[in-house]
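*Asks:* Starting off with a structure, shown below.
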Amino acid sequence: MLEMPLCELPWLFEKKQKTMVIFATFCQRKDLIMDKLKNKCKGPETSSYVNCFQMLRQNRSLVENLFSHGHIKVLVCTATLAWGVNLPAHAVIIKGTQIYAAKRGSFVDLGILDVMQIFGRAGRPQFDKFGEGIIITTHDKLSHYLTLLTQQNPIESQFLESLADHLNAEIALGTVTNVEEAVKWISYTYLYVRMRANPLVYGISHKAYQMDPGLEKHREQLVIEVGRKLDKARMIRFEERTEFFSSTDLGRIASHYYIKYNTIETFNELFDAHKTEGDILAIVSKAEEFEQIKVREEEIEELDALLNNFCELSAPGGVENSYGKINILLQTYISRGEIDSFSLISDSAYVAQNAARIVRALFEVALRKRWPAMTYRLLNLSKVIDKRLWGWANPLRQFSVLPPSVLTKLEEKNLTIDKMKDMRKDEIGHMLRHVHIGLKVKQCVHQIPSITMEAAIQPITRTVLRVRLNITPDFKWNDQVHGTVGEPWWIWVEDPTNDHIYHSEYFVIQKKQVISKETQQLVFTIPIFEPLPSQYYIRAVSDRWLGAEAVCIINFQHLILPERHPPHTELLDLQPLPITALGYREYETLYKFTHFNPIQTQIFHTLYHTDCNVLLGAPTGSGKTVAAELAIFRIFNKYPTSKAVYIAPLKALVRERIEDWKVRIEEKLGKKVVELTGDVTPDMKAIAQADLIVTTPEKWDGVSRSWQNRSYVQKVAILIIDEIHLLGDERGPVLEVIVSRTNFISSHTEKPVRVVGLSTALANARDLADWLNINQMGLFNFRPSVRPVPLEVHIQGFPGQHYCPRMASMNKPAFQAIRSHSPAKPVLVFVSSRRQTRLTALELIAFLATEDDPKQWLKMDEREMNDVIVTVRDSNLKLTLAFGIGMHHAGLHERDRKTVEELFVNCKIQVLIATSTLAWGVNFPAHLVIVKGTEFYDGKTRRYVDYPITDVLQMMGRAGRPQFDDQGKAVILVHDIKKDFYKKFLYEPFPVESSLLEVLSDHLNAEIAAGTITSKQDAMDYITWTYFFRRLIMNPSYYNLDDVSHDTMNKFLSNLVEKSLLDLECSYCIEIGEDNRSIEPLTYGRIASYYYLKHQTVKMFKERLKPECSIEELLSVLADAEEYADLPVRHNEDQMNSDLAKHLPIEVNPHSFDSSHTKTHLLLQAYFSRAMLPCPDYATDTKTVLDQSIRICQAMLDVAANQGWLVTALNITSLVQMIIQGRWKHDSSLLTLPNIEQHHLHLFRKWNQGKRKSLCGGYQGPIECLPELIAVSEGKENVFTSIVDSDLQAVHITQAWNFLSHLPVIDVSLSIRGCWNGSSGEQNELPIPTLATDMRDDKKWITLHADQEYVLQINLQRVQMRHHKGRQDSKAVAPRFPKAKDEGWFLILGEIDKKELIALKRVGYVRHRNAVSVAFFTPESPGKYIYTLYIMSDSYLGMDQQYDIYLNIKPPSISAQISTEVSEAVSHLALK
């Protein structure tokens, strides 16, 4: 380069003290410039400094600060400063215009962009009116720069150079899926703008441009060339015939880790499964990311020293080659070596940053290729780079608190982490000859993440194993060391023989789990091959810590594979049967079709003309409901006095059947159809008259438990169980128990009950059939492929260990699937959560916005749709419906859901996005079904878990509408590691296993309480009735049974029964006799069975309920019921719970905000306080909590009554009232009136002041509660209106009055029935005064005899406030309680002095008059006693009444004594 004269510079300093920046084009010239400046610029006011990238950061910052504050006037720097830091100056000089380009290894001209940027620094807006720029260059370049500066050449695009990388990123993201989209994508780039403006620069001839002005062909050519390149590098799959792109693992990894195309080419060429650490570092060094790093002459000596001193592995290429230099710098970085040269320090930092990323990418590549050894090696190497610590160093070197001398001693003594865990702190201190350091070392040892793993294996089929892996953290948490969230781990299952990974997973152990030593369970499936391998390894490796890993061995020595499954029923080629075969005109009119489909034709005879049990396994959409109807018609024809029971697994399915059958069977056939679910409980009369009962498993289980006392259960002639394959689901045990009990009942009553099971295609139908007593004639198990409408299934895998980004990456493919498979026909998209319905809908709208017709999915007039939208409550739904997209989930208001359903069924909107429950709940077939993700967030385990395979099959089954389509389509979008599993089981049926074991105790308790089981032998026999017993024989390993010999089996079942009975005994439910064989039910067991509670709940009642529990304590007991353990606590809801708790009156444990029970407690408090809930999910969760709360409270009341605890019993009844009305007990009962809030209460307090006095009846004074308001109103609406009309609108007044006028006003009269002296043994009745009188009035003391039974007669009479038209409704008015509730009363007789409850009676709705008898025994010792009768409403706050009964107890009468003695003597004889 030429020496440039600087003699002109001093004139800048002559008159003004200006600042000046001199840009040297490369650092090595800085010394020359400084020398010249010193010589030329003499004087105290000039001081100059240098700034360049080789200086340390702190020095650079110092210079920048000095210059910007004006302490130095001249700054000499490299050209990069013009871009990096905003330091304006009066004058700017560019000294030399040639810069060294590392890529080319030679000097090149400074670009015009750099020149413009540098000159842009001249002139400081706040000080100068103008700036001065000087460029000093060689003579031949002068005109070049003058031209560039004056003509302002356009900026050209450099995009072509990296087109491959960017196109790959878009394909991986899913935004580009074919050539057409890629061509369109290029049109959004600056490259496209410049290609059209200046085609010649980009190699486009003038003629080509004229023929193709939009450059469509040129862009297409570019895309195809790049597509071929990427396909060759295996980064994408490019199908040239269809012009479709699909992303591959390699391409996605490259995009995610920002790895260049050329680097991937290098990897493909050099990377394989058997490379060592040294080879890997050599491969990484050749990455294109490092191409600008060159070897400089002056660095060679130092590099040589670094190679000898710090490189633990060989460095191919040595110091002369750039890849050798990169390798040396990386190893030096890991070894924490000292580097002197500024340029090497800078290069080293760059290498370290990039190498970590590239090694991580290689780790993902190895994991995807399923190479276990290489995966392990690369994960360790990436941690080696992160921690700057070689893998063979002591893991304690990761702690900065330990001095290096101690660490060196540890390595010399060869002390491993495991050894130190077993040593005491003083032992470690002595070995290190440093007594006090022992504690610190010991603490560090226990802070290294460590886990213990236990694996249980269950063969599902002969080729698939389910692994349940329990992971327990075994280390101490320290926020300074581990952070505050969790420790991430990788886990994989490797087959050492075949060197292959069968499953890999990323999981995080949360801080809370470590502190509480909570076990986390992972469940996954792996393939297995015959002959069985000896063992697999499960390896867990920490993602962040060196030396933190664990191995668990899966041994196959004692594994028994299940029996091979029998073949399917072949679908016969029969003539379709016409519906006239039914032989009844009224049945034929129920169907819109003329002929049965092939499956219905084949099963018709068995179902309609025989009574044998039937199991029908057929894919969803085969018309199984018609099969159920055929079996029901058989009962109507042959056994008209019997009942049919149809059990559906969900309330929504029951509702659907009821809506259909109420019209078709009840109205058209005149048969009574009754719904029996948790929401709808008809009275006994309605059930007794019913011909067809439609119910849920739990409800029928609860009802049939007392079959001996319920005649209608014994009248059942057929039990139809829909979706019987759900036996394998968590609700399966209930189905299992129902069928076992039905068989048991029919064997006792000798009246056969026909069982018809309907399910999807099953793998082990024969086992199910054997259990249901079905012979070959009644078993129909068709293939999954035998559908009336054939189904085409596409499965796509998506990578990414995190759920939300993975779901987001599925949006574009889902949109593409709709466009290609079902552009105009109905589409169902299933997602896992309400949040996902919203996100998916909004993403689809965003894709629609780029289309020519964004409202193409709306199939009705926009004005009509706007009229519909006005009626919709949900704001998101309003938006999506306008685009023809509906949303359907439990969080929507009932009316919104109905609107969406009608629009979709009538094809007014094309796309419906629903949560997975809709697959079971409502029958909306569509042409295309998209299952977007097969996992859901399980609140109990706080992680994402897979749907049961039955759910996925059910969703797919919704594809294809028999009346419209000749083919259905299903697109399943899954996590890529699950793709093989779904491929297997979506085409071959899934075997159904029993899950009775987990809840066996509760079901045994029910049978013991019912008297069916009275000994351990009975319990053993009971188990042999179950489906579990069948599967235990067929697939023993699944249930942890080693072999199926008679003795082993007996021992296994005996242990099972012993364990379950012990659990029940510990829960105070049963008592095992002294002979250790007989079993007696206890009160708690009966309560658990009657109220359908888990035994753990009644155990908790026994242990936590006390004689005087306050409402706050009872609320805590209610929230801790085991029934609420499954309430989901979703992502970030612990934080929401914490925020919600701040606004609620009762404090909860601040460390348990992620607990289901704490959430239940908060939801109940918020419900009583009418607090704002943080999100819509909480409203649905509140409904779930309230659904179960009444039955749990009723059980608590029975427990309190059994113990005779008056205070607790009264508080429980108050809690029930609070739950029904949604108010606190201490709130004014006036607040239960609709629309009346706290600020309205003053209206009632001042109602009778001034002119309103004339309106009032007998009551004077302020109104404080509902009875006072009722007394004032006297049934006149105008009186009530006059009280509140100043603050409420007319419509609100009407709602409040409707509530008030429905309130039960009850008149009570009391009498006592019993025997007195002189009554010659006859029973007399004495009236009891109910009006309050003076205690000294002897007339009100009733004389009774001690220790004798009397009956308290209570006559309840309803006082009508107003005349209701028609029959009065027995339902309570409870606007906030989610389901209908019958109004009723608790009658509690107690003695306040002793706080003792004497009797409890529940009374139903009092329509006109009701007479109730309550029997009680008088006290044994004579004296005066005051009993109190509480008449407590079970629905309303503030409507309770209490009456004191004054008893004067005299010594027992002789006749009574004689009768007592005789009865005692008789019982004594009986005992003998």
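Numbering starts fresh at 1 for the residues of each chain in the structure tokens, the chains themselves are lettered A, B, ... in the order given, and ligands are numbered from 1 as they appear.
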Once DSSP has gone over the backbone, tell me which residues of range 583-818 of chain A are in alpha helix (DSSP H), as an MDAnalysis selection string.
*Replies:* chainID A and resid 585:588 598:609 624:638 651:661 668:669 684:689 697:704 711:714 732:749 765:771 803:809 811:818
*Asks:* Can you pull out the residues contacting Ala618 in chain A? Cut-off 6 Å, using only C-alpha atoms, and skip same-chain residues under 2 positions away; I want them as JSON, numbers by chain.
*Replies:* {"A": [760, 761, 782]}
*Asks:* Got time to write the residues from that selection, C-alpha atoms, as a PDB file, in the first residue's frame?
*Replies:*
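The result, written out as result-v1.pdb:
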```
ATOM      1  CA  THR A 760     -63.913 -50.163  17.809  1.00  0.00           C
ATOM      2  CA  ALA A 761     -62.000 -52.995  16.144  1.00  0.00           C
ATOM      3  CA  PHE A 782     -64.267 -56.668  11.971  1.00  0.00           C
TER       4      PHE A 782
END
```
*Asks:* Mind checking which residues fall within 9 Å of range 604-606 of chain A, counting only C-alpha atoms, ignoring those fewer than 6 positions away in the same chain, and posting them as a ChimeraX atom specification?
*Replies:* /A:577,596,612-614,627,630,777-778
*Asks:* Using C-alpha atoms, can you write the selected residues to a file as a PDB file, in the first residue's frame?
*Replies:*
```
ATOM      1  CA  LEU A 577     -80.979 -56.390   4.047  1.00  0.00           C
ATOM      2  CA  PHE A 596     -78.927 -51.848   6.325  1.00  0.00           C
ATOM      3  CA  CYS A 612     -77.229 -64.436  23.037  1.00  0.00           C
ATOM      4  CA  ASN A 613     -74.646 -61.924  24.259  1.00  0.00           C
ATOM      5  CA  VAL A 614     -72.945 -59.960  21.482  1.00  0.00           C
ATOM      6  CA  ALA A 627     -77.046 -52.300  16.167  1.00  0.00           C
ATOM      7  CA  LEU A 630     -81.947 -53.657  17.038  1.00  0.00           C
ATOM      8  CA  MET A 777     -72.025 -66.860  17.215  1.00  0.00           C
ATOM      9  CA  GLY A 778     -72.141 -63.568  19.110  1.00  0.00           C
TER      10      GLY A 778
END
```
*Asks:* Could you give me, as a ChimeraX atom specification, the residues within 12 Å of Val351 in chain A, counting only C-alpha atoms and dropping anything in the same chain fewer than 4 positions from it?
*Replies:* /A:281,284-293,322-323,325-334,344-347,355-359,385
*Asks:* Those residues you just picked out, can you put them in a file as a PDB file, in the first residue's frame with C-alpha atoms?
*Replies:*
```pdb
ATOM      1  CA  LEU A 281     -13.335 -31.551  16.561  1.00  0.00           C
ATOM      2  CA  VAL A 284     -16.260 -29.016  13.332  1.00  0.00           C
ATOM      3  CA  SER A 285     -13.105 -27.084  12.407  1.00  0.00           C
ATOM      4  CA  LYS A 286     -13.912 -27.518   8.718  1.00  0.00           C
ATOM      5  CA  ALA A 287     -17.333 -25.845   9.037  1.00  0.00           C
ATOM      6  CA  GLU A 288     -18.000 -22.982   6.634  1.00  0.00           C
ATOM      7  CA  GLU A 289     -18.882 -20.777   9.603  1.00  0.00           C
ATOM      8  CA  PHE A 290     -15.118 -20.427  10.214  1.00  0.00           C
ATOM      9  CA  GLU A 291     -14.051 -19.674   6.649  1.00  0.00           C
ATOM     10  CA  GLN A 292     -13.008 -16.064   7.385  1.00  0.00           C
ATOM     11  CA  ILE A 293     -10.477 -17.242   9.981  1.00  0.00           C
ATOM     12  CA  SER A 322      -6.926 -22.512   9.097  1.00  0.00           C
ATOM     13  CA  TYR A 323      -8.870 -25.636  10.182  1.00  0.00           C
ATOM     14  CA  LYS A 325      -5.778 -23.217  13.860  1.00  0.00           C
ATOM     15  CA  ILE A 326      -9.532 -23.453  14.669  1.00  0.00           C
ATOM     16  CA  ASN A 327      -9.024 -26.863  16.285  1.00  0.00           C
ATOM     17  CA  ILE A 328      -6.083 -25.585  18.371  1.00  0.00           C
ATOM     18  CA  LEU A 329      -8.009 -22.492  19.508  1.00  0.00           C
ATOM     19  CA  LEU A 330     -11.039 -24.603  20.468  1.00  0.00           C
ATOM     20  CA  GLN A 331      -8.950 -27.045  22.504  1.00  0.00           C
ATOM     21  CA  THR A 332      -7.068 -24.158  24.124  1.00  0.00           C
ATOM     22  CA  TYR A 333     -10.409 -22.584  25.021  1.00  0.00           C
ATOM     23  CA  ILE A 334     -11.580 -25.835  26.651  1.00  0.00           C
ATOM     24  CA  LEU A 344      -6.003 -14.892  18.572  1.00  0.00           C
ATOM     25  CA  ILE A 345      -8.109 -13.873  21.595  1.00  0.00           C
ATOM     26  CA  SER A 346     -10.709 -12.474  19.223  1.00  0.00           C
ATOM     27  CA  ASP A 347     -10.628 -15.553  16.958  1.00  0.00           C
ATOM     28  CA  ALA A 355     -18.322 -24.526  17.947  1.00  0.00           C
ATOM     29  CA  ALA A 356     -20.754 -24.977  20.849  1.00  0.00           C
ATOM     30  CA  ARG A 357     -23.669 -24.439  18.464  1.00  0.00           C
ATOM     31  CA  ILE A 358     -22.275 -26.737  15.776  1.00  0.00           C
ATOM     32  CA  VAL A 359     -21.547 -29.579  18.244  1.00  0.00           C
ATOM     33  CA  ILE A 385     -17.192 -26.724  25.414  1.00  0.00           C
TER      34      ILE A 385
END
```
*Asks:* With distances taken over only C-alpha atoms, which residue among A:Ile224, A:Val1044, A:Ile22, A:Val481 lies nearest Ile118 in chain A?
*Replies:*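 For Ile118 in chain A, the nearest of the candidates is A:Ile22.
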*Asks:* Give the answer as one residue: which of A:Lys1371, A:Lys969, A:Arg1409, A:His139 has the shortest atom-to-atom distance to Pro925 in chain A, using only C-alpha atoms?
*Replies:*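 For Pro925 in chain A, the nearest of the candidates is A:Lys969.
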*Asks:* Just want the 10 Å neighbourhood of range 213-216 of chain A, counted on only C-alpha atoms, with same-chain residues fewer than 6 positions away dropped. Output as a list in words.
*Replies:*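 Here the qualifying residues turn out to be Glu180, Val183, Lys184, Ile186, Ser187, Tyr192, Met195, Arg196, Pro199, Ile204, His206, Lys207 and Leu222 of chain A.
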*Asks:* Which residue gives the smallest distance to Tyr1038 in chain A among A:Lys409, A:His558, A:Arg228, A:Lys668, with only C-alpha atoms counted?
*Replies:*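 For Tyr1038 in chain A, the nearest of the candidates is A:His558.
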*Asks:* One decimal, Å: what's the distance from CA of Cys907 in chain A over to CA of Lys859 in chain A, could you say?
*Replies:*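 Answer for the CA of Cys907 in chain A to CA of Lys859 in chain A separation: 6.8 Å.
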*Asks:* Please identify which residues in range 264-503 of chain A DSSP calls strand (DSSP E) from the backbone, and express them as a ChimeraX atom specification.
*Replies:* /A:451-459,464-473,486-495,500-503
*Asks:* Skip Lys715 in chain A itself and residues of its chain fewer than 2 positions away, then list as number ranges by chain all residues within 12 Å of it, counting only C-alpha atoms.
*Replies:* A: 635, 639-645, 687-693, 704, 707-708, 710-713, 717-719, 742, 745-746, 749-754
*Asks:* For the interface of range 1129-1188 of chain A with range 1193-1215 of chain A (cut-off 12 Å, counting only C-alpha atoms), please tabulate each contacting residue of range 1129-1188 of chain A alongside its nearest pair of atoms and their separation in Å to one decimal, rows sorted by chain and increasing number, as JSON lines.
*Replies:*
```
{"residue": "A:Leu1164", "atom": "CA", "partner": "A:Leu1215", "partner_atom": "CA", "distance": 10.7}
{"residue": "A:Gln1165", "atom": "CA", "partner": "A:Leu1215", "partner_atom": "CA", "distance": 11.6}
{"residue": "A:Phe1168", "atom": "CA", "partner": "A:Leu1215", "partner_atom": "CA", "distance": 10.3}
{"residue": "A:Leu1186", "atom": "CA", "partner": "A:Cys1193", "partner_atom": "CA", "distance": 10.8}
{"residue": "A:Asp1187", "atom": "CA", "partner": "A:Cys1193", "partner_atom": "CA", "distance": 11.5}
{"residue": "A:Gln1188", "atom": "CA", "partner": "A:Cys1193", "partner_atom": "CA", "distance": 8.9}
```
*Asks:* Go ahead and write the residues just picked, N, CA and C atoms, as a PDB file, in the first residue's frame.
*Replies:*
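Just written: out38.pdb:
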```pdb
ATOM      1  N   LEU A1164     -63.253 -22.539  45.165  1.00  0.00           N
ATOM      2  CA  LEU A1164     -64.452 -22.473  46.010  1.00  0.00           C
ATOM      3  C   LEU A1164     -64.545 -21.107  46.695  1.00  0.00           C
ATOM      4  N   GLN A1165     -63.403 -20.634  47.198  1.00  0.00           N
ATOM      5  CA  GLN A1165     -63.415 -19.301  47.834  1.00  0.00           C
ATOM      6  C   GLN A1165     -63.825 -18.218  46.842  1.00  0.00           C
ATOM      7  N   PHE A1168     -67.520 -18.311  46.275  1.00  0.00           N
ATOM      8  CA  PHE A1168     -68.306 -17.695  47.357  1.00  0.00           C
ATOM      9  C   PHE A1168     -68.128 -16.174  47.375  1.00  0.00           C
ATOM     10  N   LEU A1186     -67.613 -27.974  41.621  1.00  0.00           N
ATOM     11  CA  LEU A1186     -68.966 -27.922  42.202  1.00  0.00           C
ATOM     12  C   LEU A1186     -69.745 -29.199  41.906  1.00  0.00           C
ATOM     13  N   ASP A1187     -69.491 -29.798  40.726  1.00  0.00           N
ATOM     14  CA  ASP A1187     -70.189 -31.035  40.339  1.00  0.00           C
ATOM     15  C   ASP A1187     -70.104 -32.104  41.420  1.00  0.00           C
ATOM     16  N   GLN A1188     -68.923 -32.211  42.034  1.00  0.00           N
ATOM     17  CA  GLN A1188     -68.697 -33.300  42.998  1.00  0.00           C
ATOM     18  C   GLN A1188     -68.936 -32.862  44.436  1.00  0.00           C
TER      19      GLN A1188
END
```
